There are 2 protein chains.
Amino acid sequence: MKFSPLVDELIQSLKVLPGVGPKSAQRMAFQLLERQRSGGLKLGKALEAAMTDVGHCQSCRTFTEEQRCSICANPRRAEAGQLCVVESPADVLAIESSGHYSGQYFVLMGHLSPLDGIGPDDLGLDVLDERLASGDIKELILATNPTVEGEATAHYIADMAKAQRLTVSRIAHGVPVGGELEYVDGTTLALSFSGRQQV
Amino acid sequence: MKFSPLVDELIQSLKVLPGVGPKSAQRMAFQLLERQRSGGLKLGKALEAAMTDVGHCQSCRTFTEEQRCSICANPRRAEAGQLCVVESPADVLAIESSGHYSGQYFVLMGHLSPLDGIGPDDLGLDVLDERLASGDIKELILATNPTVEGEATAHYIADMAKAQRLTVSRIAHGVPVGGELEYVDGTTLALSFSGRQQV
């Protein structure tokens with residue numbers, strides 16, 4: 001036995017969400033039907049609007065329904081000539097909430113991964129190369145994730161930027177604030193030693 | 001900094017789903033925008049259709065967009081005169097997939113819970129009483145959850161059905177198949193002893 005067609009369709013469709021299997025999808029569907037009809041309707045409309053209208057910012061590739069996102073459209077952010085390369089829009093949010101960076105971003109929407117068939121063009125590195133060649137950028141800050149793929153991507157972009165004779169920097173790796181040395185892994189500790197700064 | 005209005009609206013709306021907080025909502029939104037546009041659009045349409053059109057079956061109260069659900073509409077299921085009372089549509093699915101029951105259902109959509117203001121009328125017990133009085137039902141099987149509220153609800157309905165001089169039974173509680181006695185709790189073991197059957 002299955003549920004009625006509409007309920008069944010809803011349960012099947014909910015499984016498209018990451019981390020949602022058959023049981024969770026069922027629980028979500030029933031929760032919405034029982035207690036959250038208006039919220040569910042709002043979610044439906046928000047999904048349709050976002051899936052249809054949200055595209056990528058022409059200059060930084062983050063998600064936006066405008067041609068350029070709010071950061072790229074702000075002339076103040078371009079003053080310092082800094083461009084920070086990150087892997088995802090969520091990274092932009094994390095850096096913005098640190099309140100310490102006031103330059104522009106370039107969002108790769110992933111990292112180089114030859115095994116998955118993700119090459120430089122899929123990350124918009126051609127667009128990035130054009131921006132670097134335009135002469136508006138003075139410093140390129142690489143803030144890709146500290147993973148094997150993230151490091152490889154950072155190296156690739158660093159070579160690209162050096163060919164344009166730009167200043168290239170990589171964000172510091174080391175012991176996170178509030179952590180205890182005892183629980184920090186060996187690679188991070190080694191990096192925090194090799195990256196030590198005189199006080 | 002926030003995301004663009006449509007993306008932000010999507011993230012906020014996703015938080016209506018049970019078990020989804022701000023971080024999960026963000027991850028879901030980005031996953032849909034990056035890789036599952038068509039799935040997201042389908043989900044949006046499924047949500048709107050279900051939230052608008054799905055109501056309750058007139059005779060068993062389960063979710064359906066028809067007047068009567070597929071089980072209630074099937075005359076064969078009424079032949080035995082059995083009516084099984086469960087708490088939720090998911091319980092109907094669980095019992096159906098056991099393949100052992102071929103009667104009809106009555107879905108309470110919850111359990112008696114005076115502290116939350118859920119009384120007999122909220123569970124449609126007036127509708128159930130009418131069905132019991134109609135004379136089509138010969139046996140009432142109580143399959144509410146083995147929790148305090150579920151047991152209380154079962155007792156209440158049992159009294160109601162006995163007033164109509166119907167056969168009332170409660171599904172057996174005991175050691176689940178495939179489990180090990182060692183790990184079964186005391187109450188379940190006590191119930192499995194008191195409910196022992198001669199072989």
# chains A, B, ... in the order shown; residues from 1 in each chain; ligands from 1
call {"tool": "interface_residues", "arguments": {"of": "chain B", "to": "chain A", "cutoff": "8 Å", "atoms": "only C-alpha atoms", "output": "count of residues only"}}
result
46
call {"tool": "select_by_dssp", "arguments": {"residues": "stretch 116-167 of chain A", "states": "alpha helix (DSSP H)", "output": "ChimeraX atom specification"}}
result
/A:125-133,148-163
call {"tool": "residues_around", "arguments": {"residues": "B:Ala78", "least_positions_apart": "3", "cutoff": "10 Å", "atoms": "only C-alpha atoms", "output": "JSON, numbers by chain"}}
result
{"B": [71, 72, 73, 74, 75, 81, 82, 83, 102, 103, 104, 105, 136, 137]}
call {"tool": "write_last_selection", "arguments": {"atoms": "C-alpha atoms", "output": "compact mmCIF listing (two decimals), in the first residue's frame"}}
result
# COMPACT_ATOMS: atom_id res chain seq x y z
CA ILE B 71 -8.49 1.39 1.66
CA CYS B 72 -11.89 2.74 2.74
CA ALA B 73 -13.06 2.80 -0.89
CA ASN B 74 -12.19 -0.90 -1.32
CA PRO B 75 -15.32 -2.99 -0.48
CA GLY B 81 -15.91 -6.20 9.76
CA GLN B 82 -12.57 -5.44 11.41
CA LEU B 83 -11.53 -1.90 12.29
CA SER B 102 -7.00 -7.02 5.62
CA GLY B 103 -9.62 -4.97 7.46
CA GLN B 104 -10.19 -1.24 7.66
CA TYR B 105 -8.45 1.47 9.66
CA ASP B 136 -20.83 -2.73 10.13
CA ILE B 137 -17.97 -3.28 12.57
call {"tool": "residues_around", "arguments": {"residues": "B:His173", "least_positions_apart": "5", "cutoff": "10 Å", "atoms": "only C-alpha atoms", "output": "number ranges by chain"}}
result
B: 146, 187-195
call {"tool": "atom_distance", "arguments": {"atom1": "atom CA of A:Leu140", "atom2": "atom CA of A:Met160"}}
result
10.6 Å
call {"tool": "closest_residue", "arguments": {"among": "B:Leu123, B:Cys84, B:Ala133, B:Val184", "to": "B:Leu166", "atoms": "only C-alpha atoms"}}
result
B:Ala133
